[in-house]
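Visitor: Sharing final.cif below, mmCIF, C-alpha atoms:
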```cif
data_run
#
loop_
_atom_site.label_atom_id
_atom_site.label_comp_id
_atom_site.auth_asym_id
_atom_site.auth_seq_id
_atom_site.Cartn_x
_atom_site.Cartn_y
_atom_site.Cartn_z
CA MET A 95 111.49 173.71 114.37
CA LYS A 96 110.07 175.34 111.26
CA LYS A 97 111.07 178.95 110.59
CA GLN A 98 108.56 181.70 111.23
CA LEU A 99 107.47 182.58 107.74
CA THR A 100 106.47 186.09 108.77
CA GLU A 101 110.04 186.96 109.79
CA THR A 102 112.23 184.99 107.36
CA ARG A 103 113.95 187.42 104.98
CA ALA A 104 115.28 186.31 101.62
CA VAL A 105 117.24 187.70 98.71
CA LEU A 106 116.46 186.12 95.34
CA TRP A 107 119.30 186.61 92.89
CA ASP A 108 119.11 186.58 89.14
CA MET A 109 122.35 185.11 87.79
CA ASP A 110 123.34 186.21 84.27
CA GLY A 111 124.12 189.93 84.28
CA THR A 112 123.52 190.24 88.03
CA LEU A 113 125.89 187.86 89.80
CA ILE A 114 128.19 187.44 86.80
CA ASP A 115 128.85 188.93 83.38
CA SER A 116 128.28 185.87 81.22
CA GLU A 117 127.25 187.67 78.04
CA GLU A 118 130.39 186.92 76.03
CA PHE A 119 130.41 183.22 76.89
CA HIS A 120 126.74 182.89 75.97
CA TRP A 121 127.31 184.75 72.71
CA ILE A 122 130.22 182.51 71.72
CA ALA A 123 128.27 179.37 72.64
CA TRP A 124 125.16 180.43 70.70
CA ARG A 125 127.08 181.66 67.66
CA GLU A 126 129.11 178.46 67.31
CA THR A 127 126.22 176.12 68.06
CA MET A 128 123.91 177.82 65.57
CA HIS A 129 126.71 177.81 62.98
CA ASP A 130 126.98 174.04 63.45
CA ALA A 131 123.22 173.88 62.82
CA GLY A 132 123.63 175.85 59.58
CA ILE A 133 122.17 179.11 60.86
CA VAL A 134 123.92 182.46 61.21
CA ILE A 135 122.75 184.75 64.02
CA THR A 136 123.83 188.31 64.63
CA ARG A 137 124.99 189.86 67.87
CA GLU A 138 121.82 191.98 67.81
CA GLN A 139 119.63 188.88 67.59
CA PHE A 140 121.49 187.36 70.49
CA LEU A 141 121.23 190.46 72.67
CA ALA A 142 117.50 190.77 72.00
CA SER A 143 117.00 187.27 73.40
CA PHE A 144 119.58 187.30 76.20
CA GLY A 145 118.15 186.07 79.50
CA GLN A 146 115.21 184.23 77.94
CA ARG A 147 114.58 180.50 78.04
CA ASN A 148 115.97 178.42 75.18
CA ASP A 149 112.49 177.16 74.29
CA SER A 150 111.50 180.79 73.72
CA ILE A 151 114.62 181.75 71.75
CA LEU A 152 115.07 178.85 69.37
CA PRO A 153 111.64 178.78 67.67
CA ARG A 154 112.30 182.32 66.40
CA TRP A 155 115.75 181.44 65.08
CA LEU A 156 114.83 178.05 63.61
CA GLY A 157 111.54 179.04 62.02
CA GLU A 158 109.70 176.17 60.35
CA SER A 159 112.44 173.71 61.30
CA ALA A 160 111.82 174.28 65.02
CA THR A 161 110.65 170.83 66.04
CA PRO A 162 110.69 169.98 69.77
CA GLU A 163 113.46 167.46 69.15
CA ARG A 164 115.65 169.97 67.30
CA ILE A 165 115.08 172.67 69.91
CA GLU A 166 116.11 170.26 72.66
CA ARG A 167 119.17 169.01 70.77
CA ILE A 168 120.48 172.47 69.86
CA GLY A 169 119.72 173.90 73.29
CA LYS A 170 121.59 171.07 74.99
CA ALA A 171 124.62 171.50 72.69
CA LYS A 172 124.72 175.24 73.35
CA GLU A 173 124.60 174.84 77.15
CA GLU A 174 127.32 172.19 77.10
CA ARG A 175 129.52 174.56 75.09
CA TYR A 176 128.77 177.40 77.54
CA ARG A 177 129.71 175.29 80.57
CA ALA A 178 132.94 174.23 78.88
CA LEU A 179 133.86 177.90 78.47
CA VAL A 180 133.15 178.55 82.17
CA ARG A 181 135.28 175.57 83.22
CA ASP A 182 138.15 176.36 80.84
CA LYS A 183 138.35 180.13 81.25
CA GLY A 184 136.79 180.71 84.66
CA ILE A 185 134.40 183.50 85.56
CA ALA A 186 134.42 186.24 88.19
CA PRO A 187 131.56 187.82 90.13
CA LEU A 188 130.51 191.33 89.16
CA PRO A 189 131.73 194.19 91.38
CA GLY A 190 130.17 194.19 94.82
CA VAL A 191 128.58 190.75 94.45
CA SER A 192 130.94 188.77 96.67
CA ALA A 193 130.84 191.33 99.47
CA TRP A 194 127.04 191.56 99.47
CA VAL A 195 126.40 187.81 99.25
CA GLN A 196 128.78 187.23 102.16
CA ARG A 197 127.36 190.11 104.20
CA LEU A 198 123.78 188.94 103.73
CA HIS A 199 124.77 185.38 104.61
CA GLU A 200 126.39 186.53 107.85
CA ALA A 201 123.33 188.66 108.68
CA GLY A 202 121.07 185.61 108.46
CA TRP A 203 119.27 186.29 105.20
CA GLN A 204 118.18 183.29 103.16
CA GLN A 205 119.55 183.47 99.61
CA ALA A 206 118.43 181.71 96.45
CA ILE A 207 119.21 181.78 92.75
CA ALA A 208 116.12 182.52 90.63
CA SER A 209 117.19 182.13 87.02
CA ALA A 210 116.01 180.97 83.60
CA ALA A 211 119.31 179.10 83.21
CA PRO A 212 119.49 175.29 83.26
CA ARG A 213 120.40 173.75 86.62
CA ALA A 214 123.76 172.49 85.34
CA ASN A 215 124.73 176.05 84.34
CA ILE A 216 123.91 177.42 87.79
CA GLU A 217 125.87 174.64 89.44
CA ALA A 218 128.84 175.32 87.14
CA ILE A 219 128.79 179.02 88.04
CA LEU A 220 128.51 178.41 91.78
CA ASP A 221 131.37 175.92 91.52
CA ALA A 222 133.51 178.48 89.68
CA LEU A 223 132.71 181.12 92.32
CA HIS A 224 133.12 178.68 95.24
CA ALA A 225 129.78 179.98 96.51
CA GLN A 226 127.57 176.89 96.87
CA HIS A 227 127.40 177.21 100.67
CA LEU A 228 126.06 180.78 100.49
CA PHE A 229 122.80 179.87 98.75
CA GLN A 230 120.06 177.84 100.38
CA ALA A 231 118.10 177.14 97.18
CA MET A 232 118.07 177.51 93.43
CA VAL A 233 115.25 177.66 90.92
CA CYS A 234 116.16 177.02 87.31
CA ALA A 235 114.64 176.43 83.88
CA GLU A 236 113.69 172.85 84.76
CA ASP A 237 111.66 173.97 87.78
CA VAL A 238 109.22 176.37 86.11
CA SER A 239 107.06 176.41 83.03
CA ARG A 240 106.83 180.16 82.50
CA GLY A 241 109.69 182.62 82.11
CA LYS A 242 110.02 186.13 83.50
CA PRO A 243 108.14 188.48 83.72
CA ASP A 244 105.82 185.76 85.00
CA PRO A 245 106.46 185.63 88.77
CA GLU A 246 106.62 181.83 88.93
CA VAL A 247 110.41 181.62 89.34
CA PHE A 248 110.42 184.09 92.24
CA LEU A 249 107.42 182.60 94.03
CA THR A 250 108.97 179.15 93.72
CA ALA A 251 112.28 180.40 95.11
CA ALA A 252 110.54 182.10 98.02
CA SER A 253 108.69 178.90 98.92
CA ARG A 254 111.96 176.95 98.93
CA VAL A 255 113.48 179.22 101.56
CA ASP A 256 110.25 179.51 103.58
CA ALA A 257 109.84 183.24 102.99
CA ARG A 258 106.66 185.13 102.23
CA PRO A 259 106.78 187.29 99.06
CA GLU A 260 106.63 190.56 101.00
CA ARG A 261 109.74 189.46 102.92
CA CYS A 262 111.77 188.91 99.73
CA ILE A 263 114.04 191.19 97.72
CA VAL A 264 114.78 190.37 94.09
CA VAL A 265 118.12 191.53 92.64
CA GLU A 266 117.87 191.78 88.85
CA ASP A 267 119.49 193.45 85.84
CA ALA A 268 116.61 193.17 83.38
CA ALA A 269 113.27 194.95 83.07
CA HIS A 270 111.32 191.71 82.69
CA GLY A 271 112.87 190.40 85.90
CA ILE A 272 111.94 193.56 87.79
CA GLU A 273 108.39 193.25 86.45
CA GLY A 274 108.31 189.64 87.61
CA ALA A 275 109.30 190.75 91.11
CA ARG A 276 106.50 193.33 91.12
CA ARG A 277 103.96 190.71 90.05
CA ALA A 278 105.22 188.44 92.82
CA GLY A 279 104.63 191.16 95.42
CA MET A 280 108.34 191.49 96.21
CA ARG A 281 110.71 194.42 96.61
CA SER A 282 113.46 194.78 94.03
CA ILE A 283 116.94 196.14 93.43
CA GLY A 284 117.85 196.83 89.82
CA VAL A 285 121.46 196.70 88.64
CA ASP A 286 121.98 198.36 85.26
CA ARG A 287 125.60 198.86 84.28
CA SER A 288 124.59 201.05 81.33
CA GLY A 289 123.13 203.65 83.69
CA LYS A 290 119.55 203.20 82.50
CA HIS A 291 116.83 203.38 85.12
CA LEU A 292 114.95 200.20 85.95
CA ALA A 293 111.48 200.32 87.51
CA ALA A 294 112.82 198.84 90.75
CA ASP A 295 112.56 200.10 94.32
CA VAL A 296 116.27 200.93 94.10
CA THR A 297 118.43 201.12 90.97
CA VAL A 298 122.23 201.27 90.90
CA SER A 299 124.84 200.87 88.17
CA SER A 300 126.88 198.56 90.42
CA LEU A 301 126.25 196.74 93.67
CA GLU A 302 129.40 198.43 94.95
CA LEU A 303 127.37 201.67 95.05
CA LEU A 304 124.51 200.22 97.09
CA ALA A 305 124.06 201.88 100.49
CA ALA A 306 124.91 199.64 103.42
CA ASP A 307 121.38 199.73 104.86
CA THR A 308 119.45 199.25 101.61
CA PHE A 309 118.34 195.66 102.21
CA ASP A 310 117.26 196.39 105.79
CA LEU A 311 115.28 199.42 104.68
CA LEU A 312 113.48 197.49 101.95
CA VAL A 313 112.65 194.58 104.26
CA PRO A 314 113.20 195.38 107.96
CA PRO A 315 114.22 192.63 110.41
CA ARG A 316 110.68 192.60 111.78
CA SER A 317 107.48 192.74 109.76
CA GLU A 318 105.87 196.16 109.70
CA PRO A 319 102.70 197.52 108.09
CA ALA A 320 103.27 198.45 104.46
CA ALA A 321 102.49 202.14 105.06
CA GLU A 322 105.00 202.38 107.89
CA ARG A 323 107.67 200.59 105.86
CA ALA A 324 107.15 202.99 102.96
CA ARG A 325 107.43 205.98 105.30
CA ILE A 326 110.70 204.76 106.80
CA PHE A 327 112.20 204.12 103.38
CA GLN A 328 111.17 207.51 102.04
CA GLU A 329 112.68 209.26 105.04
CA SER A 330 116.01 207.44 104.74
#
```
Could you express the structure from this file as structure tokens?

Guide:
Amino acid sequence: MKKQLTETRAVLWDMDGTLIDSEEFHWIAWRETMHDAGIVITREQFLASFGQRNDSILPRWLGESATPERIERIGKAKEERYRALVRDKGIAPLPGVSAWVQRLHEAGWQQAIASAAPRANIEAILDALHAQHLFQAMVCAEDVSRGKPDPEVFLTAASRVDARPERCIVVEDAAHGIEGARRAGMRSIGVDRSGKHLAADVTVSSLELLAADTFDLLVPPRSEPAAERARIFQES
């Protein structure tokens, strides 16, 4: 029997910077791959592009030499190098992630990865975390044509777990991801380890600090009128 779309609740997880701290591995992979291509990039250039799709990053770094073939070749080499680092060195979830993913799973929430990363990267991370069984779907770079803050990745993820947008919560660490959730008509939890405020419904510096009833307050077990839901959350 098909799930009742009005009651299905889902959590859509960003991956890099939210589930895991992959910044250093991505930096090493980009730096070495671009060096092999004869281009030097700075840490600042890398950080300014972190979380974006490769086909958005590389044209800026390659300039006039950014042919589709070269973008594809360099992007593929970089991701292969990144996955090798994950396999060789391992990677751990960020604080609070494992507990929340398991708790939500046991409570019956649908969970999906909604990321700009290639599918092979997501699979490598879930393998390293032994968490494949906790996620019912994933949406990756190959599945969408527009990156965040366009809502496409979140709307696609919601459809794959049979959840309406208003019954979804996005967990993100970046402003463009939070904006994408807003455009999708979804609630959001922002995780910013630097302590900066994100324009999310709830912002914390670590998922360990998230109140135990936060997800239920943002999206109650039963659908309620928006005004009533807002009142309950404000009074909590």

Visitor: How many Å lie between atom CA of A:Cys234 and atom CA of A:Ile207, rounded to one decimal?

Guide: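 These atoms are spaced 7.8 Å apart.
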
Visitor: Which one is closest to A:His129: A:Arg276, A:Lys172, A:Arg197, A:Arg240? Count only C-alpha atoms.

Guide: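 Of all the options, A:Lys172 lies closest to A:His129.
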
Visitor: Quick one: apply the PyMOL selection byres ((chain A and resi 297) around 8) to the file and drop the selected residues here as a VMD selection string.

Guide: chain A and resid 283 to 286 291 to 296 298 to 299

Visitor: Taking 4 positions as the minimum chain separation for residues in the same chain, which residues sit within 10 Å of A:Gly184 when counting only C-alpha atoms? Answer as a count of residues only.

Guide: 9

Visitor: Expand the PyMOL selection byres ((chain A and resi 123) around 10) into the explicit residue set it covers here, and present it as number ranges by chain.

Guide: A: 117-122, 124-129, 171-179

Visitor: Find, counting only C-alpha atoms, the residue in A:Asp267, A:Lys290, A:Gln204, A:Val195 that gets nearest to A:Ala252.

Guide: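 Of A:Asp267, A:Lys290, A:Gln204, A:Val195, the one nearest A:Ala252, counting only C-alpha atoms, is A:Gln204.
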
Visitor: Mind giving me the straight-line distance from atom CA of A:Asp108 to atom CA of A:Ala210 in Å, one decimal?

Guide: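 Interatomic distance, atom CA of A:Asp108 to atom CA of A:Ala210: 8.5 Å.
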
Visitor: Starting from the displayed file, determine the output of the PyMOL selection byres ((chain A and resi 242) around 10) and express the residue list as a list in words.

Guide: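 Evaluating the PyMOL selection byres ((chain A and resi 242) around 10) on this file yields Gly145, Gln146, Arg147, Ser209, Ala210, Arg240, Gly241, Pro243, Asp244, Pro245, Glu246, Val247, Phe248, Ala268, Ala269, His270, Gly271, Ile272, Glu273, Gly274 and Ala275 of chain A.
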
Visitor: Which is closest to A:Ala214 among A:Asp130, A:Glu236, A:Asp110, A:Glu200, if we use all atoms listed in the file?

Guide: A:Glu236

Visitor: Name the residues in contact with A:Asp115 at a cut-off of 8 Å, using only C-alpha atoms, excluding same-chain residues fewer than 3 positions from it; report them as a PyMOL selection string.

Guide: chain A and resi 110-112+118+186-188

Visitor: Restricting the calculation to all atoms listed in the file, which member of A:Gly132, A:Pro189, A:Leu249, A:Gln230 is positioned closest to A:Gly202?

Guide: A:Gln230
